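Reviewing the structure listed below.
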Amino acid sequence: MEVLYEDNHIIIVNKTSSEIVQGDKTGDKPLSEIIKEWLKEKYSKPGNVFVGVTHRLDRPVSGVVVFAKTSKALSRLNDMFRLGDVKKTYWAIVKNAPKYESQTLIHHIYRNEKTNKSIAYDSPRKGTKEAELSYKVIAVSDRYNLLEINLKTGRHHQIRCQLSKIGSPIKGDLKYGAERSNANGGISLHARSIEFIHPVSKKIISITAPVPKDDKLWADMERIAENQ
């Protein structure tokens, strides 16, 4: 487990594309439990350890995730995420270049609970919620494009769904139109950074998650982005 930041109230980790944030029907051990065990061992705590889930990342997505270590931090962070007071930046690798180098996308997303998939529409329909994000192309290779994405809303599968809608599905994301899966079973979407005001100390917390170490393409695209 890669810990990016920790204090008395919060812990921030870099999730891999195989991990789940909290328990689900698979029965696989979630990150929340892994962190509890890690904290229990690190601090030799005899009793239960509190770890609260403040937000989620889809299982095939990697990157920065914030957990609360106290109930006070959990309550305040939950409100901050709900109100949009947390700045989240993502990186996505796509094969098909979007039409514009930078753009704000506004769609109306319908979540199908049965298929666990979302559909993006250009105009409101019954059961849809407005979804907004901005992207810019920050690196281009012979075969792929790296997009930097700022989320304005937090809808189900929003980035995956909206990029698919404009014809630029994320690499490895079979559910939303990619040609083939990635070798590790994940998709090439990475929660790159997060910035917010600490729920207790009130200082600015700004954390960047390194790209997946086991994926050469991520390293190549990051290098191109730094040199462009």
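Residue numbering restarts at 1 in every chain; chains get A, B, ... in the order shown in the structure tokens, and ligands count up from 1 in that same order.
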Enumerate the residues of range 3-188 of chain A with a DSSP assignment of strand (DSSP E or B), computed from the backbone, and present them as JSON, numbers by chain. {"A": [3, 4, 5, 6, 10, 11, 12, 13, 14, 15, 52, 53, 62, 63, 64, 65, 66, 67, 68, 87, 88, 89, 90, 91, 92, 93, 94, 102, 103, 104, 105, 106, 107, 108, 109, 110, 111, 112, 117, 118, 119, 120, 121, 129, 130, 131, 132, 133, 134, 135, 136, 137, 138, 139, 140, 145, 146, 147, 148, 149, 150, 151, 170]}
Long-range neighbours of Asn78 in chain A as a PyMOL selection string, 10 Å cut-off, only C-alpha atoms, 5 positions minimum in chain: chain A and resi 52-55+68+73+83+199
Give the answer as one residue: which of A:Asn112, A:Ser201, A:Asn150, A:Asn182 has the shortest atom-to-atom distance to Trp91 in chain A, using only C-alpha atoms?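 Among A:Asn112, A:Ser201, A:Asn150, A:Asn182, it is A:Asn150 that comes nearest to Trp91 in chain A.
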Return the single residue from A:Glu113, A:Asp122, A:Asp85, A:Glu222 that is closest to Ser141 in chain A, with distances computed using only C-alpha atoms. A:Glu222
For range 63-67 of chain A, find every residue with an atom within 7 Å (counting only C-alpha atoms), except residues of its own chain fewer than 2 positions away, and show them as a PyMOL selection string. chain A and resi 10-16+51-54+61+69+190-193+209
Do a neighbour search on Glu132 in chain A at 6 Å with only C-alpha atoms, toss out local chain neighbours closer than 2 positions, and write the hits as a PyMOL selection string. chain A and resi 105-106+152-153
Just to be explicit: take each residue in the selection above, keep C-alpha atoms, and write the result as an mmCIF file, in the first residue's frame.
data_model
loop_
_atom_site.group_PDB
_atom_site.id
_atom_site.type_symbol
_atom_site.label_atom_id
_atom_site.label_comp_id
_atom_site.auth_asym_id
_atom_site.auth_seq_id
_atom_site.Cartn_x
_atom_site.Cartn_y
_atom_site.Cartn_z
ATOM 1 C CA LEU A 105 -18.410 18.636 -21.680
ATOM 2 C CA ILE A 106 -21.952 18.860 -20.360
ATOM 3 C CA LYS A 152 -17.232 19.589 -11.882
ATOM 4 C CA THR A 153 -19.785 16.950 -10.857
#
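Distances from A:Tyr176, A:Tyr135, A:Tyr90, A:Tyr100 to Ile119 in chain A were compared using only C-alpha atoms, and the smallest one belongs to A:Tyr176.
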Hey, what does DSSP flag as alpha helix (DSSP H) within chain A? Can you give it to me as a PyMOL selection string? chain A and resi 31-42+71-83+158-165+216-227
Mind checking which residues fall within 12 Å of Lys126 in chain A, counting only C-alpha atoms, ignoring those fewer than 6 positions away in the same chain, and posting them as a ChimeraX atom specification? /A:108-111
Tell me, as an mmCIF file with N, CA and C atoms, in the first residue's frame, which residues lie within 6 Å of Ser168 in chain A, counting only C-alpha atoms; anything in the same chain fewer than 6 positions away does not count.
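Contents of around08.cif, freshly written:
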data_model
loop_
_atom_site.group_PDB
_atom_site.id
_atom_site.type_symbol
_atom_site.label_atom_id
_atom_site.label_comp_id
_atom_site.auth_asym_id
_atom_site.auth_seq_id
_atom_site.Cartn_x
_atom_site.Cartn_y
_atom_site.Cartn_z
ATOM 1 N N VAL A 94 -6.393 7.774 -23.967
ATOM 2 C CA VAL A 94 -7.367 7.376 -24.986
ATOM 3 C C VAL A 94 -6.648 7.174 -26.313
ATOM 4 N N ASN A 96 -8.410 7.252 -29.443
ATOM 5 C CA ASN A 96 -9.014 8.188 -30.388
ATOM 6 C C ASN A 96 -8.944 9.606 -29.839
ATOM 7 N N PRO A 98 -9.753 13.329 -29.084
ATOM 8 C CA PRO A 98 -10.985 14.111 -29.136
ATOM 9 C C PRO A 98 -10.882 15.189 -30.208
#
Do a neighbour search on Ala178 in chain A at 10 Å with only C-alpha atoms, toss out local chain neighbours closer than 5 positions, and write the hits as a PDB file with N, CA and C atoms, in the first residue's frame.
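Now in result.pdb:
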ATOM      1  N   VAL A  94      -6.393   7.774 -23.967  1.00  0.00           N
ATOM      2  CA  VAL A  94      -7.367   7.376 -24.986  1.00  0.00           C
ATOM      3  C   VAL A  94      -6.648   7.174 -26.313  1.00  0.00           C
ATOM      4  N   LYS A  95      -7.165   6.256 -27.124  1.00  0.00           N
ATOM      5  CA  LYS A  95      -6.584   6.011 -28.446  1.00  0.00           C
ATOM      6  C   LYS A  95      -7.108   7.030 -29.450  1.00  0.00           C
ATOM      7  N   ASN A  96      -8.410   7.252 -29.443  1.00  0.00           N
ATOM      8  CA  ASN A  96      -9.014   8.188 -30.388  1.00  0.00           C
ATOM      9  C   ASN A  96      -8.944   9.606 -29.839  1.00  0.00           C
ATOM     10  N   SER A 164     -16.521   8.382 -23.703  1.00  0.00           N
ATOM     11  CA  SER A 164     -17.069   7.447 -24.689  1.00  0.00           C
ATOM     12  C   SER A 164     -18.076   8.148 -25.596  1.00  0.00           C
ATOM     13  N   GLY A 167     -16.582   9.844 -28.473  1.00  0.00           N
ATOM     14  CA  GLY A 167     -15.807   8.979 -29.353  1.00  0.00           C
ATOM     15  C   GLY A 167     -14.383   8.721 -28.913  1.00  0.00           C
ATOM     16  N   SER A 168     -14.076   8.997 -27.639  1.00  0.00           N
ATOM     17  CA  SER A 168     -12.726   8.784 -27.118  1.00  0.00           C
ATOM     18  C   SER A 168     -12.761   7.909 -25.860  1.00  0.00           C
ATOM     19  N   PRO A 169     -13.182   6.642 -26.003  1.00  0.00           N
ATOM     20  CA  PRO A 169     -13.241   5.774 -24.823  1.00  0.00           C
ATOM     21  C   PRO A 169     -11.856   5.570 -24.217  1.00  0.00           C
ATOM     22  N   ILE A 170     -11.832   5.369 -22.911  1.00  0.00           N
ATOM     23  CA  ILE A 170     -10.568   5.174 -22.195  1.00  0.00           C
ATOM     24  C   ILE A 170      -9.969   3.821 -22.554  1.00  0.00           C
ATOM     25  N   LYS A 171      -8.650   3.795 -22.724  1.00  0.00           N
ATOM     26  CA  LYS A 171      -7.950   2.558 -23.056  1.00  0.00           C
ATOM     27  C   LYS A 171      -8.276   1.469 -22.022  1.00  0.00           C
ATOM     28  N   GLY A 172      -8.680   0.300 -22.508  1.00  0.00           N
ATOM     29  CA  GLY A 172      -8.975  -0.837 -21.655  1.00  0.00           C
ATOM     30  C   GLY A 172     -10.399  -0.901 -21.138  1.00  0.00           C
ATOM     31  N   ASP A 173     -11.194   0.141 -21.397  1.00  0.00           N
ATOM     32  CA  ASP A 173     -12.547   0.209 -20.827  1.00  0.00           C
ATOM     33  C   ASP A 173     -13.564  -0.425 -21.777  1.00  0.00           C
ATOM     34  N   ILE A 187      -8.402  -0.080 -16.204  1.00  0.00           N
ATOM     35  CA  ILE A 187      -8.545   0.834 -17.325  1.00  0.00           C
ATOM     36  C   ILE A 187      -7.552   1.976 -17.133  1.00  0.00           C
TER      37      ILE A 187
END
Smallest atom-to-atom distance to Lys117 in chain A: which of A:Cys161, A:Ile207, A:Ile138, A:Ala131, using only C-alpha atoms? A:Cys161
